[in-house]
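Okay, my_file.txt is below, compact mmCIF, C-alpha atoms and all ligand atoms:
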# COMPACT_ATOMS: atom_id res chain seq x y z
CA MET H 161 2.07 -160.22 17.03
CA ASP H 162 -1.15 -159.29 15.28
CA GLU H 163 -2.88 -162.50 14.29
CA SER H 164 -5.75 -160.88 12.38
CA PRO H 165 -6.86 -162.76 9.24
CA GLN H 166 -5.07 -160.44 6.80
CA HIS H 167 -1.76 -161.58 8.34
CA THR H 168 -2.45 -165.22 7.51
CA PRO H 169 0.26 -166.52 5.14
CA VAL H 170 -1.15 -167.21 1.68
CA LEU H 171 -1.28 -170.81 0.31
CA LEU H 172 0.67 -171.95 3.34
CA GLU H 173 -0.16 -175.68 3.28
CA ARG H 174 0.42 -175.92 -0.48
CA THR H 175 3.80 -174.20 -0.10
CA LEU H 176 4.91 -176.57 2.67
CA GLU H 177 3.70 -179.60 0.71
CA LEU H 178 5.69 -178.50 -2.34
CA LEU H 179 8.90 -177.88 -0.39
CA ALA H 180 8.71 -181.01 1.79
CA PRO H 181 10.16 -183.60 -0.65
CA ALA H 182 13.24 -181.41 -1.29
CA VAL H 183 13.89 -180.87 2.41
CA GLU H 184 13.35 -184.55 3.23
CA ARG H 185 15.63 -185.74 0.41
CA ILE H 186 18.53 -183.55 1.51
CA ALA H 187 18.04 -184.44 5.19
CA ALA H 188 17.92 -188.16 4.29
CA ALA H 189 21.27 -187.76 2.52
CA GLY H 190 22.76 -186.58 5.82
CA SER H 191 23.03 -182.85 5.02
CA THR H 192 21.31 -179.92 6.70
CA PRO H 193 18.67 -178.53 4.32
CA VAL H 194 18.95 -174.76 3.95
CA LEU H 195 15.77 -172.87 3.06
CA ILE H 196 15.66 -169.27 1.83
CA ASP H 197 12.59 -167.13 2.34
CA GLY H 198 13.37 -164.28 -0.05
CA THR H 199 10.40 -162.22 1.18
CA LEU H 200 10.40 -162.73 4.94
CA GLY H 201 7.72 -160.13 5.72
CA LEU H 202 6.20 -160.85 9.12
CA GLY H 203 7.73 -164.33 9.08
CA GLY H 204 4.47 -166.27 8.77
CA HIS H 205 5.66 -168.66 6.07
CA SER H 206 9.10 -168.90 7.69
CA GLU H 207 7.68 -169.79 11.09
CA ALA H 208 5.65 -172.58 9.51
CA MET H 209 8.68 -173.87 7.55
CA LEU H 210 10.92 -173.92 10.62
CA THR H 211 8.20 -175.75 12.55
CA ARG H 212 7.35 -178.29 9.84
CA PHE H 213 10.98 -179.00 8.90
CA PRO H 214 12.87 -179.35 12.20
CA GLU H 215 16.02 -180.55 10.40
CA ALA H 216 16.27 -177.35 8.28
CA THR H 217 17.82 -173.94 8.80
CA LEU H 218 16.29 -170.86 7.19
CA VAL H 219 17.64 -167.57 5.85
CA GLY H 220 15.03 -164.80 5.76
CA ILE H 221 15.65 -161.90 3.36
CA ASP H 222 13.74 -158.62 3.41
CA ARG H 223 14.56 -155.12 2.23
CA ASP H 224 12.28 -153.65 4.91
CA THR H 225 14.11 -153.22 8.23
CA SER H 226 10.82 -153.08 10.23
CA ALA H 227 9.74 -156.42 8.74
CA LEU H 228 13.12 -157.93 9.66
CA GLU H 229 12.80 -156.68 13.22
CA LEU H 230 9.27 -158.00 13.70
CA ALA H 231 10.02 -161.35 12.05
CA SER H 232 13.27 -161.78 14.00
CA ALA H 233 11.38 -161.34 17.28
CA ARG H 234 8.77 -163.84 16.13
CA LEU H 235 11.38 -166.39 15.05
CA ALA H 236 13.71 -165.96 18.05
CA PRO H 237 12.51 -169.28 19.57
CA PHE H 238 14.20 -171.08 16.65
CA GLY H 239 17.61 -169.77 17.79
CA ASP H 240 20.42 -170.06 15.26
CA ARG H 241 18.28 -172.08 12.84
CA PHE H 242 17.05 -168.67 11.60
CA SER H 243 19.29 -166.00 10.03
CA PRO H 244 17.80 -162.62 9.00
CA VAL H 245 19.41 -160.75 6.09
CA HIS H 246 18.68 -157.14 5.11
CA ALA H 247 18.93 -157.17 1.32
CA VAL H 248 17.06 -156.89 -1.94
CA TYR H 249 16.27 -160.41 -3.11
CA ASP H 250 18.23 -159.99 -6.33
CA GLU H 251 21.28 -160.60 -4.08
CA ILE H 252 20.01 -164.15 -3.48
CA GLY H 253 22.91 -165.70 -5.42
CA GLN H 254 25.56 -164.25 -3.08
CA ILE H 255 23.43 -164.96 0.00
CA ALA H 256 22.93 -168.58 -1.07
CA ALA H 257 26.66 -169.00 -1.72
CA ARG H 258 27.33 -167.81 1.84
CA PHE H 259 24.71 -169.89 3.68
CA ALA H 260 24.36 -172.92 1.39
CA PRO H 261 27.53 -173.44 -0.69
CA ASP H 262 26.34 -176.96 -1.63
CA GLY H 263 23.00 -175.71 -2.88
CA VAL H 264 19.74 -174.51 -1.38
CA ALA H 265 16.98 -177.04 -0.55
CA GLY H 266 14.03 -174.69 -0.98
CA ILE H 267 13.28 -171.08 -1.89
CA LEU H 268 10.07 -169.16 -1.30
CA LEU H 269 9.25 -165.81 -2.91
CA ASP H 270 5.93 -164.37 -1.68
CA LEU H 271 6.00 -161.21 -3.79
CA GLY H 272 4.71 -157.70 -3.24
CA VAL H 273 3.99 -155.71 -0.12
CA SER H 274 3.07 -157.17 3.25
CA SER H 275 -0.14 -156.53 5.14
CA MET H 276 1.98 -154.67 7.71
CA GLN H 277 3.28 -152.29 5.01
CA LEU H 278 -0.27 -151.70 3.76
CA ASP H 279 -1.68 -151.25 7.26
CA LEU H 280 0.88 -148.63 8.35
CA ALA H 281 -0.58 -145.48 6.80
CA GLU H 282 2.70 -143.54 7.06
CA ARG H 283 4.40 -145.90 4.55
CA GLY H 284 2.15 -144.42 1.84
CA PHE H 285 1.24 -147.71 0.07
CA ALA H 286 -2.52 -147.49 0.55
CA TYR H 287 -4.51 -145.10 -1.67
CA SER H 288 -7.35 -145.23 0.87
CA LYS H 289 -5.27 -143.64 3.66
CA ASP H 290 -3.89 -140.11 3.66
CA ALA H 291 -0.13 -140.26 4.16
CA PRO H 292 3.17 -138.89 2.87
CA LEU H 293 3.91 -140.21 -0.65
CA ASP H 294 6.74 -142.57 0.31
CA MET H 295 6.10 -146.18 -0.90
CA ARG H 296 9.66 -147.39 -0.30
CA MET H 297 9.84 -150.92 1.09
CA ASP H 298 13.33 -150.05 2.33
CA THR H 299 12.96 -146.70 4.06
CA THR H 300 16.74 -146.46 4.58
CA ARG H 301 17.48 -145.71 0.91
CA GLY H 302 16.12 -144.96 -2.54
CA ILE H 303 13.75 -142.45 -4.07
CA THR H 304 10.22 -141.89 -2.75
CA ALA H 305 6.97 -141.73 -4.70
CA GLU H 306 6.90 -137.99 -3.95
CA GLU H 307 10.24 -137.59 -5.75
CA VAL H 308 9.04 -139.64 -8.72
CA ILE H 309 5.85 -137.57 -9.00
CA ALA H 310 7.79 -134.30 -8.65
CA SER H 311 10.70 -135.02 -11.00
CA TYR H 312 9.67 -137.42 -13.79
CA SER H 313 8.67 -135.88 -17.11
CA GLU H 314 5.11 -136.24 -18.39
CA ASN H 315 6.35 -138.93 -20.81
CA GLU H 316 8.09 -140.90 -18.07
CA LEU H 317 5.01 -140.78 -15.85
CA ARG H 318 2.83 -141.93 -18.73
CA ARG H 319 5.24 -144.77 -19.44
CA ILE H 320 5.30 -146.13 -15.89
CA PHE H 321 1.50 -145.84 -15.53
CA THR H 322 1.12 -147.73 -18.81
CA GLU H 323 3.79 -150.37 -18.27
CA TYR H 324 3.55 -151.01 -14.56
CA GLY H 325 -0.10 -150.11 -13.96
CA GLU H 326 -1.53 -151.22 -17.33
CA GLU H 327 -3.54 -148.00 -16.94
CA LYS H 328 -5.59 -146.95 -19.98
CA LEU H 329 -5.82 -143.33 -18.78
CA ALA H 330 -2.05 -143.06 -18.28
CA GLY H 331 -1.64 -140.08 -20.63
CA ARG H 332 -4.50 -138.12 -19.10
CA TYR H 333 -3.25 -138.72 -15.53
CA ALA H 334 0.34 -137.80 -16.41
CA ARG H 335 -0.84 -134.52 -17.99
CA LYS H 336 -3.00 -133.57 -14.99
CA ILE H 337 -0.20 -134.36 -12.54
CA VAL H 338 2.29 -132.20 -14.44
CA GLN H 339 -0.21 -129.31 -14.71
CA ARG H 340 -1.01 -129.44 -11.01
CA ARG H 341 2.58 -129.80 -9.75
CA ALA H 342 3.55 -126.65 -11.66
CA GLN H 343 1.34 -124.73 -9.22
CA GLU H 344 1.87 -126.74 -6.03
CA PRO H 345 3.93 -129.87 -5.37
CA PHE H 346 2.28 -133.08 -4.18
CA THR H 347 3.26 -134.20 -0.68
CA ARG H 348 0.25 -136.21 0.59
CA SER H 349 -1.55 -139.17 -0.94
CA ALA H 350 -5.10 -137.82 -0.38
CA ASP H 351 -4.32 -134.73 -2.46
CA PHE H 352 -2.71 -136.87 -5.18
CA VAL H 353 -5.64 -139.34 -5.20
CA LYS H 354 -8.08 -136.44 -5.58
CA VAL H 355 -6.32 -135.18 -8.72
CA ILE H 356 -6.47 -138.71 -10.20
CA ALA H 357 -10.14 -139.12 -9.20
CA ASP H 358 -11.10 -135.71 -10.65
CA ALA H 359 -9.42 -136.67 -13.94
CA THR H 360 -11.36 -139.95 -14.17
CA PRO H 361 -14.61 -140.10 -16.19
CA ALA H 362 -17.62 -141.16 -14.11
CA ALA H 363 -18.08 -144.42 -16.06
CA VAL H 364 -14.52 -145.49 -15.21
CA GLN H 365 -14.97 -144.44 -11.55
CA ARG H 366 -17.56 -147.19 -11.18
CA ALA H 367 -15.09 -149.87 -12.30
CA GLY H 368 -12.96 -149.69 -9.14
CA HIS H 369 -10.80 -147.18 -7.32
CA PRO H 370 -9.33 -144.82 -9.95
CA ALA H 371 -5.94 -144.57 -8.20
CA LYS H 372 -5.38 -148.33 -7.81
CA ARG H 373 -3.32 -148.85 -10.96
CA VAL H 374 -1.39 -145.59 -10.61
CA PHE H 375 -0.41 -146.57 -7.06
CA GLN H 376 0.69 -150.02 -8.26
CA ALA H 377 2.81 -148.38 -10.97
CA LEU H 378 4.44 -145.92 -8.56
CA ARG H 379 5.20 -148.70 -6.07
CA ILE H 380 6.81 -150.84 -8.77
CA GLU H 381 8.89 -147.90 -9.99
CA VAL H 382 9.95 -146.71 -6.52
CA ASN H 383 11.08 -150.20 -5.50
CA GLY H 384 12.39 -151.37 -8.86
CA GLU H 385 10.19 -154.42 -8.28
CA LEU H 386 10.19 -155.93 -11.75
CA SER H 387 13.89 -155.54 -12.42
CA ALA H 388 14.71 -156.99 -8.97
CA LEU H 389 12.49 -159.98 -9.71
CA GLU H 390 13.90 -160.37 -13.19
CA ASP H 391 17.42 -160.56 -11.74
CA ALA H 392 16.41 -162.68 -8.74
CA LEU H 393 14.70 -165.51 -10.60
CA PRO H 394 17.68 -166.89 -12.55
CA ALA H 395 19.94 -166.40 -9.53
CA ALA H 396 17.46 -168.25 -7.30
CA LEU H 397 17.16 -171.14 -9.75
CA ASP H 398 20.95 -171.35 -10.12
CA SER H 399 21.41 -171.53 -6.35
CA LEU H 400 19.19 -174.60 -5.87
CA ALA H 401 20.73 -178.00 -5.14
CA VAL H 402 19.73 -180.84 -7.44
CA GLY H 403 16.34 -181.92 -6.07
CA GLY H 404 15.87 -178.44 -4.55
CA ARG H 405 12.58 -176.63 -5.14
CA ILE H 406 11.34 -173.07 -5.62
CA VAL H 407 7.83 -171.77 -4.91
CA VAL H 408 6.76 -168.30 -6.08
CA LEU H 409 3.53 -166.53 -5.13
CA ALA H 410 2.66 -163.56 -7.38
CA TYR H 411 -0.26 -161.18 -6.94
CA GLN H 412 -0.22 -159.20 -10.16
CA SER H 413 0.07 -160.21 -13.78
CA LEU H 414 3.37 -158.45 -14.58
CA GLU H 415 5.22 -160.37 -11.88
CA ASP H 416 3.45 -163.63 -12.64
CA ARG H 417 4.38 -163.31 -16.32
CA LEU H 418 8.09 -162.99 -15.45
CA VAL H 419 7.89 -166.02 -13.14
CA LYS H 420 6.00 -168.10 -15.69
CA HIS H 421 8.45 -167.33 -18.51
CA GLU H 422 11.58 -167.98 -16.48
CA LEU H 423 10.33 -171.27 -15.00
CA GLN H 424 9.07 -172.46 -18.38
CA ARG H 425 12.28 -171.48 -20.15
CA ARG H 426 14.45 -173.39 -17.69
CA SER H 427 12.13 -176.43 -17.80
CA GLN H 428 12.42 -176.95 -21.55
CA SER H 429 14.81 -179.09 -23.53
CA THR H 430 17.41 -176.96 -25.30
CA ALA H 431 17.90 -179.55 -28.07
CA PRO H 432 17.94 -177.89 -31.50
CA ALA H 433 14.83 -178.70 -33.54
CA GLY H 434 15.30 -181.78 -35.70
CA LEU H 435 17.97 -183.45 -33.54
CA PRO H 436 16.96 -187.16 -33.51
CA VAL H 437 18.21 -187.83 -29.95
CA GLU H 438 18.24 -185.44 -26.99
CA LEU H 439 21.80 -185.18 -25.69
CA PRO H 440 22.29 -185.10 -21.89
CA GLU H 441 23.35 -181.43 -22.00
CA HIS H 442 20.06 -180.52 -23.69
CA ARG H 443 17.83 -182.13 -21.09
CA PRO H 444 15.76 -179.65 -19.08
CA GLU H 445 17.42 -178.40 -15.93
CA PHE H 446 14.11 -177.99 -14.07
CA ALA H 447 10.67 -179.62 -13.95
CA LEU H 448 7.50 -177.62 -13.34
CA LEU H 449 5.64 -178.90 -10.28
CA VAL H 450 2.30 -177.23 -10.93
CA ARG H 451 0.28 -177.32 -14.13
CA GLY H 452 -0.54 -173.68 -15.03
CA ALA H 453 -0.75 -171.55 -11.90
CA GLY H 454 -1.99 -172.68 -8.48
CA ARG H 455 -4.87 -170.63 -7.04
CA ALA H 456 -6.38 -170.25 -3.59
CA THR H 457 -9.57 -172.18 -2.86
CA GLU H 458 -12.89 -170.33 -2.52
CA GLN H 459 -12.63 -170.96 1.22
CA GLU H 460 -9.15 -169.41 1.51
CA MET H 461 -10.26 -166.39 -0.55
CA ALA H 462 -13.24 -165.91 1.77
CA ASP H 463 -11.08 -166.27 4.89
CA ASN H 464 -8.15 -164.22 3.57
CA PRO H 465 -9.05 -161.81 0.71
CA ARG H 466 -5.33 -161.16 0.08
CA ALA H 467 -5.19 -164.68 -1.38
CA THR H 468 -7.73 -163.87 -4.12
CA PRO H 469 -5.35 -162.78 -6.91
CA VAL H 470 -2.49 -165.16 -6.01
CA ARG H 471 -0.80 -167.30 -8.68
CA LEU H 472 1.52 -170.03 -7.40
CA ARG H 473 4.25 -171.50 -9.59
CA ALA H 474 6.88 -174.02 -8.55
CA ALA H 475 9.76 -175.99 -10.02
CA GLU H 476 12.32 -178.62 -9.01
CA ARG H 477 15.94 -178.73 -10.11
CA LEU H 478 16.65 -181.93 -12.05
CA ARG H 479 20.32 -181.45 -12.85
CA ARG H 480 23.14 -178.94 -13.00
CA PRO H 481 24.03 -177.39 -16.36
CA GLU H 482 27.03 -178.91 -18.19
CA THR H 483 28.54 -175.42 -18.45
CA PRO H 484 27.97 -172.98 -15.62
CA ARG H 485 25.55 -170.18 -16.36
CA GLY H 486 26.79 -166.67 -15.86
CA PRO H 487 25.99 -163.20 -17.07
CA SER H 488 26.97 -164.37 -20.55
CA GLY H 489 25.10 -167.69 -20.27
CA PRO H 490 21.72 -168.38 -21.85
CA ARG H 491 19.19 -165.80 -20.71
CA SER H 492 15.64 -164.86 -21.41
CA SER H 493 15.14 -162.75 -24.50
CA ALA H 494 12.03 -161.17 -22.94
CA ARG H 495 13.83 -158.37 -21.09
CA LEU H 496 11.92 -155.60 -19.37
CA PRO H 497 12.48 -151.99 -20.35
CA ALA H 498 15.17 -150.34 -18.24
CA ARG H 499 13.94 -148.41 -15.21
CA SER H 500 14.32 -144.67 -15.25
CA GLU H 501 16.20 -144.97 -12.01
CA ARG H 502 17.01 -147.83 -9.64
CA ALA H 503 15.88 -147.35 -6.07
CA ARG H 504 19.10 -148.66 -4.55
C1 LIG H 601 3.92 -160.44 0.88
S1 LIG H 601 5.12 -160.02 2.02
C2 LIG H 601 5.70 -161.55 2.65
C3 LIG H 601 4.85 -162.10 3.76
C4 LIG H 601 5.44 -163.34 4.39
N1 LIG H 601 5.45 -164.45 3.48
C5 LIG H 601 4.72 -163.69 5.67
O1 LIG H 601 4.23 -164.83 5.79
O2 LIG H 601 4.67 -162.86 6.59
C6 LIG H 601 6.45 -159.52 1.01
C7 LIG H 601 7.69 -159.04 1.77
O3 LIG H 601 8.74 -159.06 0.82
C8 LIG H 601 9.51 -157.89 0.94
N2 LIG H 601 10.04 -157.63 -0.40
C9 LIG H 601 9.36 -157.30 -1.52
N3 LIG H 601 10.19 -157.14 -2.54
C10 LIG H 601 11.44 -157.40 -2.07
C11 LIG H 601 12.73 -157.40 -2.66
N4 LIG H 601 12.89 -157.09 -3.95
N5 LIG H 601 13.78 -157.75 -1.90
C12 LIG H 601 13.62 -158.05 -0.57
N6 LIG H 601 12.42 -158.03 0.05
C13 LIG H 601 11.35 -157.71 -0.69
C14 LIG H 601 8.55 -156.81 1.41
O4 LIG H 601 9.27 -155.82 2.12
C15 LIG H 601 7.59 -157.62 2.29
O5 LIG H 601 7.98 -157.57 3.63
What does this structure look like when you write it as structure tokens?
Ligand SMILES: C[S@@+](CC[C@H](N)C(=O)[O-])C[C@H]1O[C@@H](n2cnc3c(N)ncnc32)[C@H](O)[C@@H]1O
Amino acid sequence: MDESPQHTPVLLERTLELLAPAVERIAAAGSTPVLIDGTLGLGGHSEAMLTRFPEATLVGIDRDTSALELASARLAPFGDRFSPVHAVYDEIGQIAARFAPDGVAGILLDLGVSSMQLDLAERGFAYSKDAPLDMRMDTTRGITAEEVIASYSENELRRIFTEYGEEKLAGRYARKIVQRRAQEPFTRSADFVKVIADATPAAVQRAGHPAKRVFQALRIEVNGELSALEDALPAALDSLAVGGRIVVLAYQSLEDRLVKHELQRRSQSTAPAGLPVELPEHRPEFALLVRGAGRATEQEMADNPRATPVRLRAAERLRRPETPRGPSGPRSSARLPARSERAR
């Protein structure tokens, strides 16, 4: 296994510290704590959890079959304490019901792409490496970035660059892409990056790589990342046992915003304004464990640059709802716009 610094799990100690009380409480009550790593990746966090919590079992979910293979080899010494599952993490509710019908002790979501996915040029995630325009985390299904670039209308391209890349030049890039693809389709990232770079004014060029935000937007669209997260968060919270904890690590503001809103919403009293006494059914279901968002220390950022943008949020389940939540139960009003197409 490559142990280079970029493969170091982010905020590892903090994550273990936050999950420990939940695991210990469930073990002390005589049950086997079940942990779910919803973003197994190379298994770095999972390996540390299985080592630190010898009484726990762990389910590792990833949509990337190569990640599952590599992590399964790494975690083989833990025998049947580790179960790999090939799935999108929005299936976490069903997976939890199968492996932890009495409730999950701890859930980790370490969002985004792994260093392995970025390092393998042929996956097409890195704008600095020439590769086919793929960008699927699950290469067994779904549409590729090449198909998005070839088939979306100028308006749709502008929308995803704006919404998912927060790109100010979205309209200009969409227009150039459509003009160019009418003559010759895009197949390789270097060619695509050059069209973006040529369309970028010199002053903007100096502010960072011009294709960074467009690549982020394409990756989010190809993998349906925001809608998967939006569906996964309530399901993950619902699957926790009382006393169970969730830790989420987000690396970009769109994901962090979804996490922040969902954890805050579920950690508030639902008592109508003006009610003199809070009834038991209005008490918050969750408590936030971190004030604001946790960040990496200067030292961790220096040792592991991937940790620089991370925002950690965590919550503990205080009680079960009086009435079970379901698709018709209380939900966030801050819904994301529908994706043009789901990559599943
Ligand atoms: C940042 S990496 C996780 C790294 C891991 N914590 C470690 O220590 O090696 C994120 C992983 O989550 C997976 N992933 C991202 N979105 C997913 C989703 N919606 N469903 C399932 N897996 C997903 C990616 O394929 C990637 O392997």
Query raised in the report: In terms of the shortest atom-to-atom distance over all atoms listed in the file, which of H:Asp262, H:Asp290, H:Asp298, H:Glu445 is closest to ligand LIG 601 (chain H)?
Result: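 Comparing H:Asp262, H:Asp290, H:Asp298, H:Glu445 against ligand LIG 601 (chain H), the winner is H:Asp298.
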Report task. Please determine the residues with any atom at most 12 Å from (-7.9, -172.3, -5.7) (coordinates as given in the file, with only C-alpha atoms counting) and report them as JSON, numbers by chain. Result -> {"H": [170, 171, 174, 452, 453, 454, 455, 456, 457, 458, 459, 460, 461, 462, 467, 468, 469, 470, 471, 472]}
Report summary line: Among H:Gln339, H:Ser243, H:Ser275, H:Thr347, ligand LIG 601 (chain H) is approached most closely, using all atoms listed in the file, by H:Ser275
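Nearest to Glu184 in chain H of all the residues H:Leu435, H:Asp294, H:His369, H:Arg405 is H:Arg405, based on all atoms listed in the file.
Using all atoms listed in the file, every residue with an atom at most 10 Å from the point (8.1, -159.5, -10.4) is listed here: Leu269, Leu271, Gly272, Ile380, Gly384, Glu385, Leu386, Ser387, Ala388, Leu389, Glu390, Asp391, Ala392, Leu393, Val408, Leu409, Ala410, Tyr411, Gln412, Ser413, Leu414, Glu415, Asp416, Arg417, Leu418 and Val419 of chain H.
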Tell me, as a PDB file with C-alpha atoms, in the frame of the given file, which residues lie within 12 Å of Glu326 in chain H, counting all atoms listed in the file; anything in the same chain fewer than 4 positions away does not count.
ATOM      1  CA  ARG H 318       2.830-141.930 -18.730  1.00  0.00           C
ATOM      2  CA  ARG H 319       5.240-144.770 -19.440  1.00  0.00           C
ATOM      3  CA  ILE H 320       5.300-146.130 -15.890  1.00  0.00           C
ATOM      4  CA  PHE H 321       1.500-145.840 -15.530  1.00  0.00           C
ATOM      5  CA  THR H 322       1.120-147.730 -18.810  1.00  0.00           C
ATOM      6  CA  ALA H 330      -2.050-143.060 -18.280  1.00  0.00           C
ATOM      7  CA  GLY H 331      -1.640-140.080 -20.630  1.00  0.00           C
ATOM      8  CA  LYS H 372      -5.380-148.330  -7.810  1.00  0.00           C
ATOM      9  CA  ARG H 373      -3.320-148.850 -10.960  1.00  0.00           C
ATOM     10  CA  VAL H 374      -1.390-145.590 -10.610  1.00  0.00           C
ATOM     11  CA  PHE H 375      -0.410-146.570  -7.060  1.00  0.00           C
ATOM     12  CA  GLN H 376       0.690-150.020  -8.260  1.00  0.00           C
ATOM     13  CA  ALA H 377       2.810-148.380 -10.970  1.00  0.00           C
ATOM     14  CA  LEU H 378       4.440-145.920  -8.560  1.00  0.00           C
ATOM     15  CA  ILE H 380       6.810-150.840  -8.770  1.00  0.00           C
ATOM     16  CA  GLN H 412      -0.220-159.200 -10.160  1.00  0.00           C
ATOM     17  CA  SER H 413       0.070-160.210 -13.780  1.00  0.00           C
ATOM     18  CA  LEU H 414       3.370-158.450 -14.580  1.00  0.00           C
TER      19      LEU H 414
END
Requested in this report: Set the cut-off to 8 Å, count all atoms listed in the file, and list whatever residues fall near ligand LIG 601 (chain H) as number ranges by chain.
Outcome: H: 167-170, 197-206, 221-224, 227-228, 231, 246-250, 269-277, 297-298, 383-385, 388-389
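Ranking H:Thr225, H:Asp398, H:Arg426, H:Gly403 by their shortest atom-to-atom distance to Gln254 in chain H, with all atoms listed in the file included, puts H:Asp398 first.
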**Report entry** Point-to-point distance in Å for CA of Arg480 in chain H and CA of Val402 in chain H
**Finding:**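 It comes out at 6.8 Å.
Minimum atom-to-atom distance to Ala474 in chain H, evaluated using all atoms listed in the file, belongs to H:Glu177 out of H:Glu215, H:Glu438, H:Glu177, H:Glu381.
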Leaving out Ala216 in chain H and any residue of its chain fewer than 4 positions from it, which residues lie within 7 Å of it when counting all atoms listed in the file, given as a JSON list (two decimals) with C-alpha atoms, in the frame of the given file?
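Heads up, here's the output in result_3.json:
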[["chain", "number", "residue", "atom", "x", "y", "z"],
["H", 192, "THR", "CA", 21.31, -179.92, 6.70],
["H", 193, "PRO", "CA", 18.67, -178.53, 4.32],
["H", 194, "VAL", "CA", 18.95, -174.76, 3.95],
["H", 195, "LEU", "CA", 15.77, -172.87, 3.06],
["H", 210, "LEU", "CA", 10.92, -173.92, 10.62]]
Since fewer atoms than expected are present, regenerate N, CA and C atoms for range 449-461 of chain H and write them as a short mmCIF file (atom, residue, chain, number, x, y, z; two decimals), in the coordinates of the input.
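For reference, out-v1.cif as written:
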data_model
loop_
_atom_site.label_atom_id
_atom_site.label_comp_id
_atom_site.auth_asym_id
_atom_site.auth_seq_id
_atom_site.Cartn_x
_atom_site.Cartn_y
_atom_site.Cartn_z
N LEU H 449 6.33 -178.06 -11.27
CA LEU H 449 5.64 -178.90 -10.28
C LEU H 449 4.13 -178.66 -10.27
N VAL H 450 3.72 -177.59 -10.94
CA VAL H 450 2.30 -177.23 -10.93
C VAL H 450 1.88 -176.99 -12.37
N ARG H 451 0.77 -177.57 -12.77
CA ARG H 451 0.28 -177.32 -14.13
C ARG H 451 -0.40 -175.94 -14.13
N GLY H 452 0.01 -175.05 -15.03
CA GLY H 452 -0.54 -173.68 -15.03
C GLY H 452 -0.12 -172.99 -13.73
N ALA H 453 -1.05 -172.25 -13.15
CA ALA H 453 -0.75 -171.55 -11.90
C ALA H 453 -1.70 -172.05 -10.81
N GLY H 454 -1.15 -172.27 -9.62
CA GLY H 454 -1.99 -172.68 -8.48
C GLY H 454 -2.78 -171.49 -7.97
N ARG H 455 -4.01 -171.70 -7.57
CA ARG H 455 -4.87 -170.63 -7.04
C ARG H 455 -5.32 -171.00 -5.64
N ALA H 456 -5.79 -169.99 -4.91
CA ALA H 456 -6.38 -170.25 -3.59
C ALA H 456 -7.76 -170.86 -3.78
N THR H 457 -8.21 -171.64 -2.81
CA THR H 457 -9.57 -172.18 -2.86
C THR H 457 -10.56 -171.06 -2.53
N GLU H 458 -11.83 -171.31 -2.87
CA GLU H 458 -12.89 -170.33 -2.52
C GLU H 458 -12.85 -170.04 -1.02
N GLN H 459 -12.63 -171.11 -0.24
CA GLN H 459 -12.63 -170.96 1.22
C GLN H 459 -11.49 -170.04 1.66
N GLU H 460 -10.28 -170.26 1.10
CA GLU H 460 -9.15 -169.41 1.51
C GLU H 460 -9.39 -167.96 1.09
N MET H 461 -9.98 -167.77 -0.10
CA MET H 461 -10.26 -166.39 -0.55
C MET H 461 -11.25 -165.71 0.40
#
